[in-house]
$ cat protein17.pdb   # PDB, C-alpha atoms
ATOM      1  CA  MET A   1     -27.579  -6.445   2.406  1.00  0.00           C
ATOM      2  CA  GLN A   2     -28.494  -2.803   1.786  1.00  0.00           C
ATOM      3  CA  SER A   3     -30.642  -2.625   4.937  1.00  0.00           C
ATOM      4  CA  ALA A   4     -27.904  -4.227   7.008  1.00  0.00           C
ATOM      5  CA  LEU A   5     -25.313  -1.918   5.450  1.00  0.00           C
ATOM      6  CA  GLU A   6     -27.351   1.146   6.395  1.00  0.00           C
ATOM      7  CA  LEU A   7     -27.974  -0.102   9.937  1.00  0.00           C
ATOM      8  CA  PHE A   8     -24.331  -1.088  10.541  1.00  0.00           C
ATOM      9  CA  ALA A   9     -23.127   2.259   9.172  1.00  0.00           C
ATOM     10  CA  SER A  10     -25.538   4.284  11.322  1.00  0.00           C
ATOM     11  CA  LYS A  11     -25.767   2.240  14.546  1.00  0.00           C
ATOM     12  CA  GLY A  12     -22.457   0.395  14.493  1.00  0.00           C
ATOM     13  CA  PHE A  13     -21.751  -3.293  14.115  1.00  0.00           C
ATOM     14  CA  TYR A  14     -22.163  -4.318  17.739  1.00  0.00           C
ATOM     15  CA  SER A  15     -25.287  -2.196  18.300  1.00  0.00           C
ATOM     16  CA  THR A  16     -27.066  -3.724  15.301  1.00  0.00           C
ATOM     17  CA  THR A  17     -28.717  -7.105  15.757  1.00  0.00           C
ATOM     18  CA  ILE A  18     -30.081  -9.635  13.291  1.00  0.00           C
ATOM     19  CA  PRO A  19     -33.597  -8.868  14.663  1.00  0.00           C
ATOM     20  CA  ASP A  20     -32.986  -5.164  13.851  1.00  0.00           C
ATOM     21  CA  ILE A  21     -32.091  -6.083  10.276  1.00  0.00           C
ATOM     22  CA  ALA A  22     -35.038  -8.470   9.958  1.00  0.00           C
ATOM     23  CA  ASN A  23     -37.419  -5.793  11.291  1.00  0.00           C
ATOM     24  CA  SER A  24     -36.135  -3.249   8.762  1.00  0.00           C
ATOM     25  CA  LEU A  25     -36.992  -5.749   6.019  1.00  0.00           C
ATOM     26  CA  LYS A  26     -40.304  -6.809   7.606  1.00  0.00           C
ATOM     27  CA  MET A  27     -38.914 -10.328   7.634  1.00  0.00           C
ATOM     28  CA  SER A  28     -38.761 -12.940  10.356  1.00  0.00           C
ATOM     29  CA  VAL A  29     -35.486 -13.443  12.182  1.00  0.00           C
ATOM     30  CA  GLY A  30     -35.548 -17.115  11.221  1.00  0.00           C
ATOM     31  CA  ASN A  31     -35.846 -16.205   7.573  1.00  0.00           C
ATOM     32  CA  MET A  32     -32.844 -13.843   7.896  1.00  0.00           C
ATOM     33  CA  TYR A  33     -30.772 -16.802   9.054  1.00  0.00           C
ATOM     34  CA  ASN A  34     -31.727 -18.629   5.843  1.00  0.00           C
ATOM     35  CA  TYR A  35     -29.796 -15.949   3.944  1.00  0.00           C
ATOM     36  CA  PHE A  36     -26.933 -15.299   6.367  1.00  0.00           C
ATOM     37  CA  LYS A  37     -25.928 -17.792   9.061  1.00  0.00           C
ATOM     38  CA  SER A  38     -24.441 -15.050  11.253  1.00  0.00           C
ATOM     39  CA  LYS A  39     -23.979 -11.318  11.560  1.00  0.00           C
ATOM     40  CA  ASP A  40     -20.234 -11.788  10.932  1.00  0.00           C
ATOM     41  CA  ILE A  41     -20.903 -13.555   7.616  1.00  0.00           C
ATOM     42  CA  LEU A  42     -23.281 -10.772   6.614  1.00  0.00           C
ATOM     43  CA  ALA A  43     -20.654  -8.155   7.522  1.00  0.00           C
ATOM     44  CA  LYS A  44     -18.097  -9.887   5.273  1.00  0.00           C
ATOM     45  CA  GLU A  45     -20.532 -10.086   2.382  1.00  0.00           C
ATOM     46  CA  ILE A  46     -21.256  -6.382   2.725  1.00  0.00           C
ATOM     47  CA  ILE A  47     -17.582  -5.395   2.511  1.00  0.00           C
ATOM     48  CA  LYS A  48     -17.199  -7.622  -0.567  1.00  0.00           C
ATOM     49  CA  TYR A  49     -20.242  -5.901  -2.096  1.00  0.00           C
ATOM     50  CA  ILE A  50     -18.727  -2.459  -1.436  1.00  0.00           C
ATOM     51  CA  SER A  51     -15.376  -3.574  -2.850  1.00  0.00           C
ATOM     52  CA  ALA A  52     -17.051  -4.880  -6.013  1.00  0.00           C
ATOM     53  CA  TYR A  53     -19.038  -1.670  -6.412  1.00  0.00           C
ATOM     54  CA  LEU A  54     -16.031   0.638  -6.004  1.00  0.00           C
ATOM     55  CA  GLY A  55     -13.791  -1.734  -7.955  1.00  0.00           C
ATOM     56  CA  GLN A  56     -16.147  -1.578 -10.933  1.00  0.00           C
ATOM     57  CA  LYS A  57     -16.285   2.231 -10.804  1.00  0.00           C
ATOM     58  CA  ILE A  58     -12.490   2.498 -10.699  1.00  0.00           C
ATOM     59  CA  ARG A  59     -12.134  -0.157 -13.415  1.00  0.00           C
ATOM     60  CA  GLU A  60     -14.198   2.129 -15.660  1.00  0.00           C
ATOM     61  CA  VAL A  61     -11.703   4.927 -14.973  1.00  0.00           C
ATOM     62  CA  ASN A  62      -8.696   2.643 -15.527  1.00  0.00           C
ATOM     63  CA  GLU A  63     -10.075   1.557 -18.904  1.00  0.00           C
ATOM     64  CA  GLN A  64     -10.288   5.124 -20.189  1.00  0.00           C
ATOM     65  CA  ASP A  65      -7.570   6.386 -22.514  1.00  0.00           C
ATOM     66  CA  ILE A  66      -6.666   9.413 -20.390  1.00  0.00           C
ATOM     67  CA  SER A  67      -3.587  10.610 -18.517  1.00  0.00           C
ATOM     68  CA  THR A  68      -2.686   9.342 -15.065  1.00  0.00           C
ATOM     69  CA  GLU A  69      -3.304  12.825 -13.735  1.00  0.00           C
ATOM     70  CA  GLU A  70      -6.877  12.766 -15.098  1.00  0.00           C
ATOM     71  CA  LYS A  71      -7.384   9.227 -13.746  1.00  0.00           C
ATOM     72  CA  THR A  72      -6.343  10.512 -10.339  1.00  0.00           C
ATOM     73  CA  ARG A  73      -9.011  13.187 -10.538  1.00  0.00           C
ATOM     74  CA  LYS A  74     -11.687  10.760 -11.750  1.00  0.00           C
ATOM     75  CA  ILE A  75     -10.936   8.219  -8.993  1.00  0.00           C
ATOM     76  CA  ILE A  76     -11.318  10.994  -6.433  1.00  0.00           C
ATOM     77  CA  GLU A  77     -14.603  12.025  -8.059  1.00  0.00           C
ATOM     78  CA  VAL A  78     -15.834   8.404  -7.901  1.00  0.00           C
ATOM     79  CA  TYR A  79     -14.964   8.133  -4.219  1.00  0.00           C
ATOM     80  CA  PHE A  80     -16.537  11.476  -3.311  1.00  0.00           C
ATOM     81  CA  LYS A  81     -19.639  10.781  -5.414  1.00  0.00           C
ATOM     82  CA  THR A  82     -20.036   7.454  -3.636  1.00  0.00           C
ATOM     83  CA  ALA A  83     -19.674   9.271  -0.308  1.00  0.00           C
ATOM     84  CA  ALA A  84     -22.418  11.691  -1.382  1.00  0.00           C
ATOM     85  CA  VAL A  85     -24.842   9.265  -3.058  1.00  0.00           C
ATOM     86  CA  LYS A  86     -24.178   6.118  -1.027  1.00  0.00           C
ATOM     87  CA  PRO A  87     -22.654   7.468   2.197  1.00  0.00           C
ATOM     88  CA  GLU A  88     -23.424   4.239   4.024  1.00  0.00           C
ATOM     89  CA  MET A  89     -20.819   2.458   1.862  1.00  0.00           C
ATOM     90  CA  ILE A  90     -17.981   4.756   2.832  1.00  0.00           C
ATOM     91  CA  ASP A  91     -19.210   4.974   6.444  1.00  0.00           C
ATOM     92  CA  TYR A  92     -19.269   1.178   6.623  1.00  0.00           C
ATOM     93  CA  PHE A  93     -15.730   0.963   5.288  1.00  0.00           C
ATOM     94  CA  LEU A  94     -14.397   3.653   7.642  1.00  0.00           C
ATOM     95  CA  ARG A  95     -16.435   2.872  10.752  1.00  0.00           C
ATOM     96  CA  ILE A  96     -17.030  -0.878  10.582  1.00  0.00           C
ATOM     97  CA  TYR A  97     -14.441  -2.571   8.375  1.00  0.00           C
ATOM     98  CA  LEU A  98     -11.430  -0.591   9.584  1.00  0.00           C
ATOM     99  CA  SER A  99     -12.424  -0.422  13.243  1.00  0.00           C
ATOM    100  CA  THR A 100     -13.898  -3.899  13.786  1.00  0.00           C
ATOM    101  CA  ARG A 101     -11.069  -5.985  12.351  1.00  0.00           C
ATOM    102  CA  GLU A 102     -11.779  -8.933  14.663  1.00  0.00           C
ATOM    103  CA  VAL A 103     -15.015  -9.547  12.736  1.00  0.00           C
ATOM    104  CA  PHE A 104     -13.090  -9.739   9.476  1.00  0.00           C
ATOM    105  CA  ASN A 105     -10.272 -12.019  10.605  1.00  0.00           C
ATOM    106  CA  GLU A 106     -11.477 -15.413   9.443  1.00  0.00           C
ATOM    107  CA  GLY A 107     -11.950 -15.400   5.682  1.00  0.00           C
ATOM    108  CA  CYS A 108     -11.160 -11.710   5.229  1.00  0.00           C
ATOM    109  CA  GLU A 109      -7.500 -11.648   6.230  1.00  0.00           C
ATOM    110  CA  GLY A 110      -5.426  -8.845   4.811  1.00  0.00           C
ATOM    111  CA  MET A 111      -7.214  -7.342   1.854  1.00  0.00           C
ATOM    112  CA  ILE A 112      -9.037 -10.473   0.648  1.00  0.00           C
ATOM    113  CA  CYS A 113     -12.529  -9.024   1.104  1.00  0.00           C
ATOM    114  CA  VAL A 114     -11.622  -5.718  -0.554  1.00  0.00           C
ATOM    115  CA  ASN A 115      -9.560  -7.240  -3.349  1.00  0.00           C
ATOM    116  CA  GLU A 116     -11.643  -5.887  -6.252  1.00  0.00           C
ATOM    117  CA  PHE A 117     -11.217  -2.316  -5.055  1.00  0.00           C
ATOM    118  CA  VAL A 118      -7.549  -2.743  -4.114  1.00  0.00           C
ATOM    119  CA  THR A 119      -6.752  -4.483  -7.413  1.00  0.00           C
ATOM    120  CA  GLU A 120      -8.074  -1.526  -9.408  1.00  0.00           C
ATOM    121  CA  ILE A 121      -6.076   0.939  -7.306  1.00  0.00           C
ATOM    122  CA  MET A 122      -3.030  -1.293  -7.854  1.00  0.00           C
ATOM    123  CA  ILE A 123      -3.649  -1.227 -11.620  1.00  0.00           C
ATOM    124  CA  TYR A 124      -3.881   2.581 -11.499  1.00  0.00           C
ATOM    125  CA  PHE A 125      -0.478   2.717  -9.756  1.00  0.00           C
ATOM    126  CA  GLU A 126       1.155   0.118 -12.020  1.00  0.00           C
ATOM    127  CA  GLU A 127      -0.031   1.803 -15.216  1.00  0.00           C
ATOM    128  CA  GLY A 128       1.047   5.204 -13.912  1.00  0.00           C
ATOM    129  CA  VAL A 129       4.538   3.886 -13.153  1.00  0.00           C
ATOM    130  CA  LYS A 130       4.737   2.043 -16.472  1.00  0.00           C
ATOM    131  CA  CYS A 131       4.048   5.196 -18.490  1.00  0.00           C
ATOM    132  CA  GLY A 132       6.477   7.232 -16.353  1.00  0.00           C
ATOM    133  CA  ASP A 133       3.892   9.466 -14.679  1.00  0.00           C
ATOM    134  CA  LEU A 134       4.133   7.967 -11.186  1.00  0.00           C
ATOM    135  CA  ARG A 135       7.187   7.190  -9.102  1.00  0.00           C
ATOM    136  CA  ASP A 136       7.933   3.497  -8.579  1.00  0.00           C
ATOM    137  CA  GLN A 137       7.361   3.108  -4.861  1.00  0.00           C
ATOM    138  CA  ASP A 138       6.050   0.754  -2.232  1.00  0.00           C
ATOM    139  CA  PHE A 139       2.399   0.020  -2.983  1.00  0.00           C
ATOM    140  CA  PHE A 140       1.256   0.315   0.615  1.00  0.00           C
ATOM    141  CA  SER A 141       2.784   3.748   1.190  1.00  0.00           C
ATOM    142  CA  ALA A 142       1.249   5.011  -2.074  1.00  0.00           C
ATOM    143  CA  PHE A 143      -2.108   3.364  -1.242  1.00  0.00           C
ATOM    144  CA  GLY A 144      -2.030   4.818   2.273  1.00  0.00           C
ATOM    145  CA  LEU A 145      -1.339   8.296   0.956  1.00  0.00           C
ATOM    146  CA  PHE A 146      -4.130   8.103  -1.620  1.00  0.00           C
ATOM    147  CA  MET A 147      -6.799   6.454   0.516  1.00  0.00           C
ATOM    148  CA  GLY A 148      -5.819   8.178   3.754  1.00  0.00           C
ATOM    149  CA  TYR A 149      -6.362  11.541   2.124  1.00  0.00           C
ATOM    150  CA  LEU A 150      -9.746  10.531   0.691  1.00  0.00           C
ATOM    151  CA  GLY A 151     -10.932   8.773   3.835  1.00  0.00           C
ATOM    152  CA  GLY A 152      -9.856  11.733   5.943  1.00  0.00           C
ATOM    153  CA  MET A 153     -11.777  14.188   3.790  1.00  0.00           C
ATOM    154  CA  VAL A 154     -14.924  12.056   3.823  1.00  0.00           C
ATOM    155  CA  PHE A 155     -14.623  11.673   7.592  1.00  0.00           C
ATOM    156  CA  LEU A 156     -14.272  15.452   8.027  1.00  0.00           C
ATOM    157  CA  LYS A 157     -17.308  16.009   5.816  1.00  0.00           C
ATOM    158  CA  GLY A 158     -19.295  13.435   7.788  1.00  0.00           C
ATOM    159  CA  GLU A 159     -18.406  15.242  11.005  1.00  0.00           C
ATOM    160  CA  ASN A 160     -19.569  18.552   9.436  1.00  0.00           C
ATOM    161  CA  ILE A 161     -16.122  20.085   9.830  1.00  0.00           C
ATOM    162  CA  LEU A 162     -15.477  20.958   6.180  1.00  0.00           C
ATOM    163  CA  PRO A 163     -16.800  24.398   5.215  1.00  0.00           C
ATOM    164  CA  LYS A 164     -17.428  23.319   1.593  1.00  0.00           C
ATOM    165  CA  ASP A 165     -18.803  20.296  -0.255  1.00  0.00           C
ATOM    166  CA  LEU A 166     -16.377  17.496  -1.109  1.00  0.00           C
ATOM    167  CA  ASP A 167     -16.688  18.340  -4.806  1.00  0.00           C
ATOM    168  CA  ASP A 168     -15.168  21.757  -4.090  1.00  0.00           C
ATOM    169  CA  TYR A 169     -11.947  20.044  -2.976  1.00  0.00           C
ATOM    170  CA  VAL A 170     -11.496  17.695  -5.964  1.00  0.00           C
ATOM    171  CA  ASP A 171      -9.094  19.908  -7.934  1.00  0.00           C
ATOM    172  CA  GLU A 172      -6.809  20.650  -4.996  1.00  0.00           C
ATOM    173  CA  ILE A 173      -6.812  17.088  -3.692  1.00  0.00           C
ATOM    174  CA  SER A 174      -6.186  15.700  -7.184  1.00  0.00           C
ATOM    175  CA  TYR A 175      -3.237  18.036  -7.585  1.00  0.00           C
ATOM    176  CA  ASN A 176      -1.826  17.174  -4.138  1.00  0.00           C
ATOM    177  CA  ILE A 177      -2.150  13.420  -4.547  1.00  0.00           C
ATOM    178  CA  TYR A 178      -0.810  13.397  -8.086  1.00  0.00           C
ATOM    179  CA  LYS A 179       2.176  15.572  -7.118  1.00  0.00           C
ATOM    180  CA  ALA A 180       2.922  13.395  -4.096  1.00  0.00           C
ATOM    181  CA  LEU A 181       2.920  10.251  -6.249  1.00  0.00           C
ATOM    182  CA  SER A 182       4.366  11.655  -9.479  1.00  0.00           C
ATOM    183  CA  ALA A 183       7.757  10.854 -10.942  1.00  0.00           C
ATOM    184  CA  ASP A 184       8.616  14.567 -11.242  1.00  0.00           C
TER     185      ASP A 184
END

$ encode --input "protein17.pdb" --output "structure tokens"
Amino acid sequence: MQSALELFASKGFYSTTIPDIANSLKMSVGNMYNYFKSKDILAKEIIKYISAYLGQKIREVNEQDISTEEKTRKIIEVYFKTAAVKPEMIDYFLRIYLSTREVFNEGCEGMICVNEFVTEIMIYFEEGVKCGDLRDQDFFSAFGLFMGYLGGMVFLKGENILPKDLDDYVDEISYNIYKALSAD
């Protein structure tokens, strides 16, 4: 899955073939089909893998006994660290999953294939509202604000537009997102 993830993220879904993936693994094409019956199935498994990875990282933040404001900062750090250490994961999400929705229709409708990640973000929002730190609002508008900001920053960094490293923006972005979502 890691080889396919890297190839899809760098070459694009449609430009990557099962033979390309098999070659990167020094494996026969026939053997690849023993693991994944199609490129679409492989693509769905990859997005589930990314969701589980990010979901686990955010779950660790959610389980900490810290303020919602600090959780906001830590979630941003997790996302930016993933973008720095495993850029193919974020690239795949932004460039494949979001832009090739037809591949993810059957069996990945809505947010089914990213449910572990989305569930942890939902828990962050629910706990923040429950303790009075965050405004009770529509989940999708709050999610869009949070993830749109992060995805946009990672995209700008990937395009070499940002003059500084992502880490240099954590404080300001944390403040902006928290203030936009806060009950104050």

$ atom_distance --input "protein17.pdb" --atom1 "atom CA of Lys11 of chain A" --atom2 "atom CA of Ala83 of chain A"
17.5 Å

$ closest_residue --input "protein17.pdb" --among "A:Tyr53, A:Tyr178, A:Phe155, A:Tyr14" --to "Asp91 of chain A" --atoms "all atoms listed in the file"
A:Phe155

$ closest_residue --input "protein17.pdb" --among "A:Ala22, A:Arg95, A:Met32, A:Ala52" --to "Gly158 of chain A" --atoms "only C-alpha atoms"
A:Arg95

$ resolve_selection --input "protein17.pdb" --expression "the PyMOL selection byres ((chain A and resi 128-141) around 6)" --output "list in words"
Thr68, Phe125, Glu126, Glu127, Ala142, Phe143, Gly144, Leu181, Ser182 and Ala183 of chain A

$ closest_residue --input "protein17.pdb" --among "A:Phe146, A:Tyr33, A:Tyr49, A:Phe13" --to "Met1 of chain A" --atoms "only C-alpha atoms"
A:Tyr49

$ resolve_selection --input "protein17.pdb" --expression "the PyMOL selection byres ((chain A and resi 108-111) around 12)" --output "list in words"
Asp40, Ile41, Ala43, Lys44, Glu45, Ile46, Ile47, Lys48, Ser51, Tyr97, Leu98, Thr100, Arg101, Glu102, Val103, Phe104, Asn105, Glu106, Gly107, Ile112, Cys113, Val114, Asn115, Glu116, Phe117, Val118, Thr119 and Phe140 of chain A

$ axis_aligned_box --input "protein17.pdb" --around "segment 36-55 of chain A" --padding-each-side "5 Å" --output "AutoDock Vina command-line options"
--center_x -20.4 --center_y -8.6 --center_z 1.8 --size_x 23.1 --size_y 28.4 --size_z 29.5

$ residues_around --input "protein17.pdb" --residues "segment 73-77 of chain A" --least-positions-apart "3" --cutoff "12 Å" --atoms "all atoms listed in the file" --output "ChimeraX atom specification"
/A:54-64,66-70,80-85,117,120-121,124-125,146-151,153-154,166-179

$ closest_residue --input "protein17.pdb" --among "A:Ile161, A:Ile50, A:Leu7, A:Met27" --to "Ile90 of chain A" --atoms "all atoms listed in the file"
A:Ile50

$ closest_residue --input "protein17.pdb" --among "A:Leu94, A:Val29, A:Leu42, A:Leu5" --to "Gly152 of chain A" --atoms "all atoms listed in the file"
A:Leu94

$ atom_distance --input "protein17.pdb" --atom1 "atom CA of Lys86 of chain A" --atom2 "atom CA of Asp20 of chain A"
20.6 Å

$ closest_residue --input "protein17.pdb" --among "A:Leu162, A:Ile123, A:Ala4, A:Thr72" --to "Ala180 of chain A" --atoms "all atoms listed in the file"
A:Thr72

$ atom_distance --input "protein17.pdb" --atom1 "atom CA of Met89 of chain A" --atom2 "atom CA of Phe8 of chain A"
10.0 Å

$ build_atoms --input "protein17.pdb" --residues "segment 114-129 of chain A" --atoms "N, CA, C and O atoms" --output "mmCIF file, keeping the file's coordinate frame"
data_model
loop_
_atom_site.group_PDB
_atom_site.id
_atom_site.type_symbol
_atom_site.label_atom_id
_atom_site.label_comp_id
_atom_site.auth_asym_id
_atom_site.auth_seq_id
_atom_site.Cartn_x
_atom_site.Cartn_y
_atom_site.Cartn_z
ATOM 1 N N VAL A 114 -11.578 -6.982 0.194
ATOM 2 C CA VAL A 114 -11.622 -5.718 -0.554
ATOM 3 C C VAL A 114 -10.746 -5.808 -1.804
ATOM 4 O O VAL A 114 -10.314 -4.799 -2.348
ATOM 5 N N ASN A 115 -10.510 -7.032 -2.259
ATOM 6 C CA ASN A 115 -9.560 -7.240 -3.349
ATOM 7 C C ASN A 115 -9.964 -6.589 -4.665
ATOM 8 O O ASN A 115 -9.108 -6.145 -5.421
ATOM 9 N N GLU A 116 -11.244 -6.502 -4.975
ATOM 10 C CA GLU A 116 -11.643 -5.887 -6.252
ATOM 11 C C GLU A 116 -11.297 -4.405 -6.271
ATOM 12 O O GLU A 116 -10.775 -3.890 -7.265
ATOM 13 N N PHE A 117 -11.554 -3.735 -5.175
ATOM 14 C CA PHE A 117 -11.217 -2.316 -5.055
ATOM 15 C C PHE A 117 -9.700 -2.125 -5.066
ATOM 16 O O PHE A 117 -9.170 -1.322 -5.833
ATOM 17 N N VAL A 118 -8.994 -2.875 -4.229
ATOM 18 C CA VAL A 118 -7.549 -2.743 -4.114
ATOM 19 C C VAL A 118 -6.857 -3.089 -5.432
ATOM 20 O O VAL A 118 -5.901 -2.415 -5.836
ATOM 21 N N THR A 119 -7.340 -4.103 -6.128
ATOM 22 C CA THR A 119 -6.752 -4.483 -7.413
ATOM 23 C C THR A 119 -6.825 -3.330 -8.407
ATOM 24 O O THR A 119 -5.853 -3.051 -9.117
ATOM 25 N N GLU A 120 -7.947 -2.643 -8.464
ATOM 26 C CA GLU A 120 -8.074 -1.526 -9.408
ATOM 27 C C GLU A 120 -7.177 -0.355 -9.026
ATOM 28 O O GLU A 120 -6.606 0.297 -9.906
ATOM 29 N N ILE A 121 -7.013 -0.105 -7.741
ATOM 30 C CA ILE A 121 -6.076 0.939 -7.306
ATOM 31 C C ILE A 121 -4.651 0.514 -7.668
ATOM 32 O O ILE A 121 -3.841 1.323 -8.130
ATOM 33 N N MET A 122 -4.350 -0.758 -7.499
ATOM 34 C CA MET A 122 -3.030 -1.293 -7.854
ATOM 35 C C MET A 122 -2.768 -1.117 -9.358
ATOM 36 O O MET A 122 -1.677 -0.729 -9.766
ATOM 37 N N ILE A 123 -3.776 -1.391 -10.166
ATOM 38 C CA ILE A 123 -3.649 -1.227 -11.620
ATOM 39 C C ILE A 123 -3.395 0.244 -11.953
ATOM 40 O O ILE A 123 -2.534 0.563 -12.781
ATOM 41 N N TYR A 124 -4.100 1.143 -11.307
ATOM 42 C CA TYR A 124 -3.881 2.581 -11.499
ATOM 43 C C TYR A 124 -2.409 2.922 -11.221
ATOM 44 O O TYR A 124 -1.765 3.604 -12.019
ATOM 45 N N PHE A 125 -1.875 2.441 -10.095
ATOM 46 C CA PHE A 125 -0.478 2.717 -9.756
ATOM 47 C C PHE A 125 0.472 2.092 -10.774
ATOM 48 O O PHE A 125 1.398 2.749 -11.250
ATOM 49 N N GLU A 126 0.261 0.821 -11.090
ATOM 50 C CA GLU A 126 1.155 0.118 -12.020
ATOM 51 C C GLU A 126 1.184 0.780 -13.386
ATOM 52 O O GLU A 126 2.252 0.951 -13.980
ATOM 53 N N GLU A 127 0.022 1.150 -13.902
ATOM 54 C CA GLU A 127 -0.031 1.803 -15.216
ATOM 55 C C GLU A 127 0.614 3.189 -15.168
ATOM 56 O O GLU A 127 1.282 3.600 -16.115
ATOM 57 N N GLY A 128 0.427 3.890 -14.068
ATOM 58 C CA GLY A 128 1.047 5.204 -13.912
ATOM 59 C C GLY A 128 2.558 5.123 -13.867
ATOM 60 O O GLY A 128 3.258 5.962 -14.435
ATOM 61 N N VAL A 129 3.084 4.102 -13.204
ATOM 62 C CA VAL A 129 4.538 3.886 -13.153
ATOM 63 C C VAL A 129 5.050 3.474 -14.531
ATOM 64 O O VAL A 129 6.059 3.989 -15.017
#
